[in-house]
Amino acid sequence: MEKKQYRVQVYEVNHLSSAEVACKTIMSTYKPEELPPANVWHYHQGVFLYGMLKVWEVTKNQEYFQYIKSYFDLLIDKNGNFLFARDELDSIQAGILLFPLYQETQDRRYLIAAKKLRHLFFSINKTREGGFWHKDKYPYQMWLDGLFMAGPFALMYEKHFQESELIEQVLYQEKLMRKNMKNEDTGLFYHAWDETKTMSWANKETGCSPEFWGRSVGWYGTALIDILDLLPVTHPTRNELITELQQLIKSLVSFQDKQTGLWYQIVNKGNLHDNWLESSCSSLFIYTICRAIEKKYVEEEYLLNINKAYQGLIENMTETTDGKWSLKGICIGTSAGDYDYYVNRPTSKNDLHGVGAFVLASMALDKLNK
């Protein structure tokens with residue numbers, strides 16, 4: 001009886017419709033080449049278009065697919081050449097769209113582009129333990145973001161080209177994050193870790209940044225779910241990752257705002273007056289928990305949490321003014337720092353970080369309903 005009650009509550013919102021409204025709002029605002037930052041290969045676009053891909057997979061509306069394809073075709077020439085930053089994990093994330101594009105079109109330009117991104121793993125700098133630097137301008141630093149930026153792409157590449165060493169690479173990067181960045185008391189992960197312990201924000205003993213920044217924890221959870229989707233079902237590390245995911249979700253719901261169902265910019269400090277509810281991390285947490293329920297990694301009782309969170313997004317973070325939809329409360333792009341740095345970051349409306357995460361959350365709930 002309890003399970004039926006949970007499912008009735010999830011059915012109250014048309015999640016697919018919400019995702020389509022979000023996608024069409026961005027499509028009506030920007031041509032594919034104008035997606036900010038305009039005419040640049042970037043993970044901002046990759047996150048949003050990844051969400052749009054999920055909408056296309058359900059609706060088969062070619063308008064969505066053509067929009068995605070147009071973004072990539074404007075940047076990749078007939079020989080598979082394209083410009084991208086070659087010293088950062090962020091450049092890899094948009095590559096997850098190359099494989100479905102190739103599958104649908106059989107255009108080999110997309111595989112050539114994927115090979116170029118794959119070669120970043122050979123050249124990107126590493127810590128002494130072999131952890132990828134997040135970017136060259138952040139030397140000797142690992143960030144939680146990096147697992148989502150590079151992990152799913154590496155496993156998609158492995159599936160297509162059978163390079164099994166990429167599986168172990170992804171799992172090793174995640175293991176290093178757990179070793180160096182997890183706080184056992186809260187079950188949460190610090191945003192960044194400095195091997196040299198010299199950054200102003202770095203703990204002089206652990207090297208960790210001092211706070212649990214919402215979106216970075218969201219990237220980590222999203223990466224875990226997507227990695228489990230792509231990891232061979234017989235791989236011996238699966239159960240270890242599932243246990244880690246279960247612990248993370250248990251921790252996340254303990255910090256969920258009781259009134260709105262949302263999560264804070266600094267996840268564990270909702271009691272502080274200058275901390276604030278943030279929509280992109282809330283969306284990523286919904287995605288993570290929802291997919292974990294779908295895959296039966298966690299119990300269906302968590303449906304209460306994600307339903308409340310999604311309602312919180314709709315009621316507190318979305319607006320429709322003069323017929324125009326918007327999502328607010330989205331933290332702009334952010335480096336690592338201290339508490340004051342994070343809580344003083346500006347927010348924006350319809351930033352692709354947030355809209356992409358919102359679409360992913362909506363589509364995960366839509367799939368759970370079916």
# chains A, B, ... in the order shown; residues from 1 in each chain; ligands from 1
>>> residues_around(residues="Pro139 (chain A)", least_positions_apart="5", cutoff="10 Å", atoms="only C-alpha atoms", output="NGL selection string")
:A and (125-127 or 132-134 or 194-196)
>>> write_last_selection(atoms="C-alpha atoms", output="PDB file, in the first residue's frame")
ATOM      1  CA  ASN A 125      48.350  16.697 -16.170  1.00  0.00           C
ATOM      2  CA  LYS A 126      48.022  14.473 -13.118  1.00  0.00           C
ATOM      3  CA  THR A 127      48.666  14.467  -9.394  1.00  0.00           C
ATOM      4  CA  PHE A 132      43.525  14.370 -13.352  1.00  0.00           C
ATOM      5  CA  TRP A 133      44.075  18.070 -12.747  1.00  0.00           C
ATOM      6  CA  HIS A 134      40.756  19.790 -13.372  1.00  0.00           C
ATOM      7  CA  ASP A 194      44.728  20.707  -3.633  1.00  0.00           C
ATOM      8  CA  GLU A 195      47.554  18.209  -3.578  1.00  0.00           C
ATOM      9  CA  THR A 196      50.051  20.926  -2.639  1.00  0.00           C
TER      10      THR A 196
END
>>> residues_around(residues="Met199 (chain A)", least_positions_apart="6", cutoff="12 Å", atoms="only C-alpha atoms", output="list in words")
Tyr138, Pro139, Tyr140, Gln141, Ala192, Trp193, Thr206, Gly207, Cys208, Ser209, Pro210, Ala336, Gly337 and Asp338 of chain A
>>> residues_around(residues="region 61-67 of chain A", least_positions_apart="4", cutoff="10 Å", atoms="only C-alpha atoms", output="ChimeraX atom specification")
/A:20,23-24,27,31-33,49,52-57,71-73,100-101,104
>>> closest_residue(among="A:Ser18, A:Thr318, A:Asn275, A:Thr288", to="Leu245 (chain A)", atoms="only C-alpha atoms")
A:Thr288
>>> residues_around(residues="region 343-345 of chain A", least_positions_apart="6", cutoff="12 Å", atoms="only C-alpha atoms", output="ChimeraX atom specification")
/A:211-214,264-267,269-270,272-278,329-337
>>> write_last_selection(atoms="C-alpha atoms", output="CSV table (one decimal), in the first residue's frame")
chain,number,residue,atom,x,y,z
A,211,GLU,CA,32.7,23.7,1.9
A,212,PHE,CA,30.2,21.2,0.3
A,213,TRP,CA,29.1,23.3,-2.7
A,214,GLY,CA,25.8,22.0,-4.0
A,264,TYR,CA,21.1,25.0,-0.3
A,265,GLN,CA,24.1,26.5,-2.1
A,266,ILE,CA,26.2,25.2,0.8
A,267,VAL,CA,24.5,21.9,1.3
A,269,LYS,CA,24.5,25.0,6.2
A,270,GLY,CA,20.9,25.8,5.6
A,272,LEU,CA,22.9,30.3,8.1
A,273,HIS,CA,21.0,33.5,7.2
A,274,ASP,CA,23.1,34.3,4.1
A,275,ASN,CA,23.0,30.8,2.6
A,276,TRP,CA,20.3,30.3,-0.1
A,277,LEU,CA,18.4,27.7,-2.0
A,278,GLU,CA,19.9,26.8,-5.3
A,329,GLY,CA,18.2,30.7,-8.5
A,330,ILE,CA,20.9,29.3,-10.6
A,331,CYS,CA,24.5,29.9,-9.4
A,332,ILE,CA,26.7,31.1,-12.2
A,333,GLY,CA,30.0,29.3,-13.1
A,334,THR,CA,32.0,29.0,-9.9
A,335,SER,CA,35.6,28.1,-8.8
A,336,ALA,CA,36.6,26.7,-5.5
A,337,GLY,CA,36.6,29.0,-2.4
>>> atom_distance(atom1="CA of Leu352 (chain A)", atom2="CA of Leu35 (chain A)")
8.5 Å
>>> select_by_dssp(residues="region 141-259 of chain A", states="helix (DSSP H, G or I)", output="count of residues only")
68
>>> residues_around(residues="Lys115 (chain A)", least_positions_apart="5", cutoff="10 Å", atoms="only C-alpha atoms", output="MDAnalysis selection string")
chainID A and resid 80 95 109:110 120 157 161
>>> residues_around(residues="Glu158 (chain A)", least_positions_apart="2", cutoff="12 Å", atoms="only C-alpha atoms", output="PyMOL selection string")
chain A and resi 96+99+114-115+118+151-156+160-170+227+230-232
>>> write_last_selection(atoms="N, CA, C and O atoms", output="JSON list (two decimals), in the first residue's frame")
[["chain", "number", "residue", "atom", "x", "y", "z"],
["A", 96, "ILE", "N", 29.73, 13.53, -24.87],
["A", 96, "ILE", "CA", 28.76, 12.45, -24.67],
["A", 96, "ILE", "C", 27.65, 12.48, -25.72],
["A", 96, "ILE", "O", 26.98, 11.48, -25.95],
["A", 99, "PHE", "N", 28.21, 10.29, -29.54],
["A", 99, "PHE", "CA", 27.87, 8.89, -29.81],
["A", 99, "PHE", "C", 26.42, 8.72, -30.27],
["A", 99, "PHE", "O", 26.18, 8.02, -31.26],
["A", 114, "ALA", "N", 35.30, 12.54, -31.35],
["A", 114, "ALA", "CA", 35.38, 11.80, -30.09],
["A", 114, "ALA", "C", 36.81, 11.32, -29.84],
["A", 114, "ALA", "O", 37.29, 11.36, -28.70],
["A", 115, "LYS", "N", 37.50, 10.89, -30.89],
["A", 115, "LYS", "CA", 38.88, 10.44, -30.73],
["A", 115, "LYS", "C", 39.79, 11.58, -30.28],
["A", 115, "LYS", "O", 40.71, 11.38, -29.49],
["A", 118, "ARG", "N", 39.19, 11.96, -26.65],
["A", 118, "ARG", "CA", 39.76, 10.84, -25.91],
["A", 118, "ARG", "C", 41.26, 11.06, -25.66],
["A", 118, "ARG", "O", 41.79, 10.67, -24.61],
["A", 151, "GLY", "N", 34.03, 11.22, -16.93],
["A", 151, "GLY", "CA", 33.75, 9.81, -16.69],
["A", 151, "GLY", "C", 32.78, 9.16, -17.66],
["A", 151, "GLY", "O", 33.11, 8.16, -18.31],
["A", 152, "PRO", "N", 31.55, 9.69, -17.79],
["A", 152, "PRO", "CA", 30.60, 9.07, -18.72],
["A", 152, "PRO", "C", 31.11, 9.02, -20.16],
["A", 152, "PRO", "O", 30.91, 8.03, -20.86],
["A", 153, "PHE", "N", 31.78, 10.09, -20.60],
["A", 153, "PHE", "CA", 32.34, 10.07, -21.97],
["A", 153, "PHE", "C", 33.32, 8.92, -22.13],
["A", 153, "PHE", "O", 33.27, 8.19, -23.13],
["A", 154, "ALA", "N", 34.22, 8.75, -21.16],
["A", 154, "ALA", "CA", 35.22, 7.68, -21.27],
["A", 154, "ALA", "C", 34.56, 6.31, -21.40],
["A", 154, "ALA", "O", 35.00, 5.46, -22.18],
["A", 155, "LEU", "N", 33.49, 6.09, -20.64],
["A", 155, "LEU", "CA", 32.82, 4.79, -20.70],
["A", 155, "LEU", "C", 32.02, 4.61, -21.99],
["A", 155, "LEU", "O", 31.93, 3.50, -22.52],
["A", 156, "MET", "N", 31.45, 5.70, -22.51],
["A", 156, "MET", "CA", 30.79, 5.62, -23.82],
["A", 156, "MET", "C", 31.82, 5.30, -24.91],
["A", 156, "MET", "O", 31.56, 4.49, -25.81],
["A", 160, "HIS", "N", 32.19, 1.89, -27.48],
["A", 160, "HIS", "CA", 32.27, 1.94, -28.94],
["A", 160, "HIS", "C", 33.58, 1.39, -29.48],
["A", 160, "HIS", "O", 33.59, 0.69, -30.50],
["A", 161, "PHE", "N", 34.68, 1.68, -28.80],
["A", 161, "PHE", "CA", 36.00, 1.32, -29.33],
["A", 161, "PHE", "C", 36.69, 0.21, -28.55],
["A", 161, "PHE", "O", 37.81, -0.18, -28.88],
["A", 162, "GLN", "N", 36.03, -0.32, -27.52],
["A", 162, "GLN", "CA", 36.57, -1.43, -26.73],
["A", 162, "GLN", "C", 37.98, -1.14, -26.20],
["A", 162, "GLN", "O", 38.94, -1.89, -26.46],
["A", 163, "GLU", "N", 38.12, -0.07, -25.47],
["A", 163, "GLU", "CA", 39.38, 0.23, -24.78],
["A", 163, "GLU", "C", 39.14, 0.04, -23.28],
["A", 163, "GLU", "O", 38.82, 0.99, -22.56],
["A", 164, "SER", "N", 39.31, -1.18, -22.83],
["A", 164, "SER", "CA", 38.90, -1.53, -21.47],
["A", 164, "SER", "C", 39.66, -0.76, -20.40],
["A", 164, "SER", "O", 39.17, -0.61, -19.27],
["A", 165, "GLU", "N", 40.85, -0.25, -20.74],
["A", 165, "GLU", "CA", 41.60, 0.50, -19.73],
["A", 165, "GLU", "C", 40.86, 1.76, -19.29],
["A", 165, "GLU", "O", 41.09, 2.28, -18.19],
["A", 166, "LEU", "N", 39.96, 2.24, -20.14],
["A", 166, "LEU", "CA", 39.20, 3.43, -19.78],
["A", 166, "LEU", "C", 38.25, 3.16, -18.62],
["A", 166, "LEU", "O", 37.95, 4.06, -17.82],
["A", 167, "ILE", "N", 37.75, 1.95, -18.51],
["A", 167, "ILE", "CA", 36.89, 1.59, -17.37],
["A", 167, "ILE", "C", 37.65, 1.77, -16.07],
["A", 167, "ILE", "O", 37.19, 2.42, -15.12],
["A", 168, "GLU", "N", 38.84, 1.19, -16.03],
["A", 168, "GLU", "CA", 39.63, 1.26, -14.80],
["A", 168, "GLU", "C", 40.08, 2.70, -14.53],
["A", 168, "GLU", "O", 40.20, 3.11, -13.36],
["A", 169, "GLN", "N", 40.32, 3.46, -15.58],
["A", 169, "GLN", "CA", 40.69, 4.87, -15.40],
["A", 169, "GLN", "C", 39.58, 5.63, -14.68],
["A", 169, "GLN", "O", 39.83, 6.37, -13.73],
["A", 170, "VAL", "N", 38.35, 5.47, -15.15],
["A", 170, "VAL", "CA", 37.22, 6.17, -14.54],
["A", 170, "VAL", "C", 37.04, 5.76, -13.09],
["A", 170, "VAL", "O", 36.86, 6.60, -12.19],
["A", 227, "ILE", "N", 27.70, 6.55, -14.61],
["A", 227, "ILE", "CA", 28.77, 5.54, -14.67],
["A", 227, "ILE", "C", 28.19, 4.15, -14.44],
["A", 227, "ILE", "O", 28.54, 3.20, -15.15],
["A", 230, "LEU", "N", 26.68, 2.67, -17.45],
["A", 230, "LEU", "CA", 27.61, 2.30, -18.52],
["A", 230, "LEU", "C", 28.59, 1.20, -18.10],
["A", 230, "LEU", "O", 29.22, 0.58, -18.97],
["A", 231, "LEU", "N", 28.72, 0.98, -16.82],
["A", 231, "LEU", "CA", 29.67, -0.02, -16.33],
["A", 231, "LEU", "C", 29.16, -1.43, -16.63],
["A", 231, "LEU", "O", 27.97, -1.70, -16.48],
["A", 232, "PRO", "N", 30.03, -2.33, -17.08],
["A", 232, "PRO", "CA", 29.58, -3.72, -17.32],
["A", 232, "PRO", "C", 28.89, -4.29, -16.08],
["A", 232, "PRO", "O", 29.32, -4.07, -14.94]]
>>> closest_residue(among="A:Gly261, A:Leu171, A:Ser17, A:Asn271", to="Arg238 (chain A)", atoms="only C-alpha atoms")
A:Leu171
>>> closest_residue(among="A:Ala364, A:Ile242, A:Ala94, A:Val47", to="Ser280 (chain A)", atoms="only C-alpha atoms")
A:Val47
>>> atom_distance(atom1="CA of Ala113 (chain A)", atom2="CA of Thr29 (chain A)")
27.5 Å
>>> atom_distance(atom1="CA of Gln246 (chain A)", atom2="CA of Leu360 (chain A)")
19.8 Å
>>> residues_around(residues="Gln247 (chain A)", least_positions_apart="4", cutoff="10 Å", atoms="only C-alpha atoms", output="number ranges by chain")
A: 186-188, 241-243, 251-252, 298
>>> closest_residue(among="A:Leu284, A:Met149, A:Glu34, A:Gly131", to="Glu88 (chain A)", atoms="only C-alpha atoms")
A:Met149
>>> closest_residue(among="A:Glu240, A:Arg291, A:Asn268, A:Val58", to="Asp185 (chain A)", atoms="only C-alpha atoms")
A:Asn268
>>> closest_residue(among="A:Val233, A:Val217, A:Leu98, A:Ile293", to="Gly146 (chain A)", atoms="only C-alpha atoms")
A:Val217
>>> select_by_dssp(residues="region 11-201 of chain A", states="strand (DSSP E or B)", output="PyMOL selection string")
chain A and resi 88+126+132+135+141-143+182+189+192-194
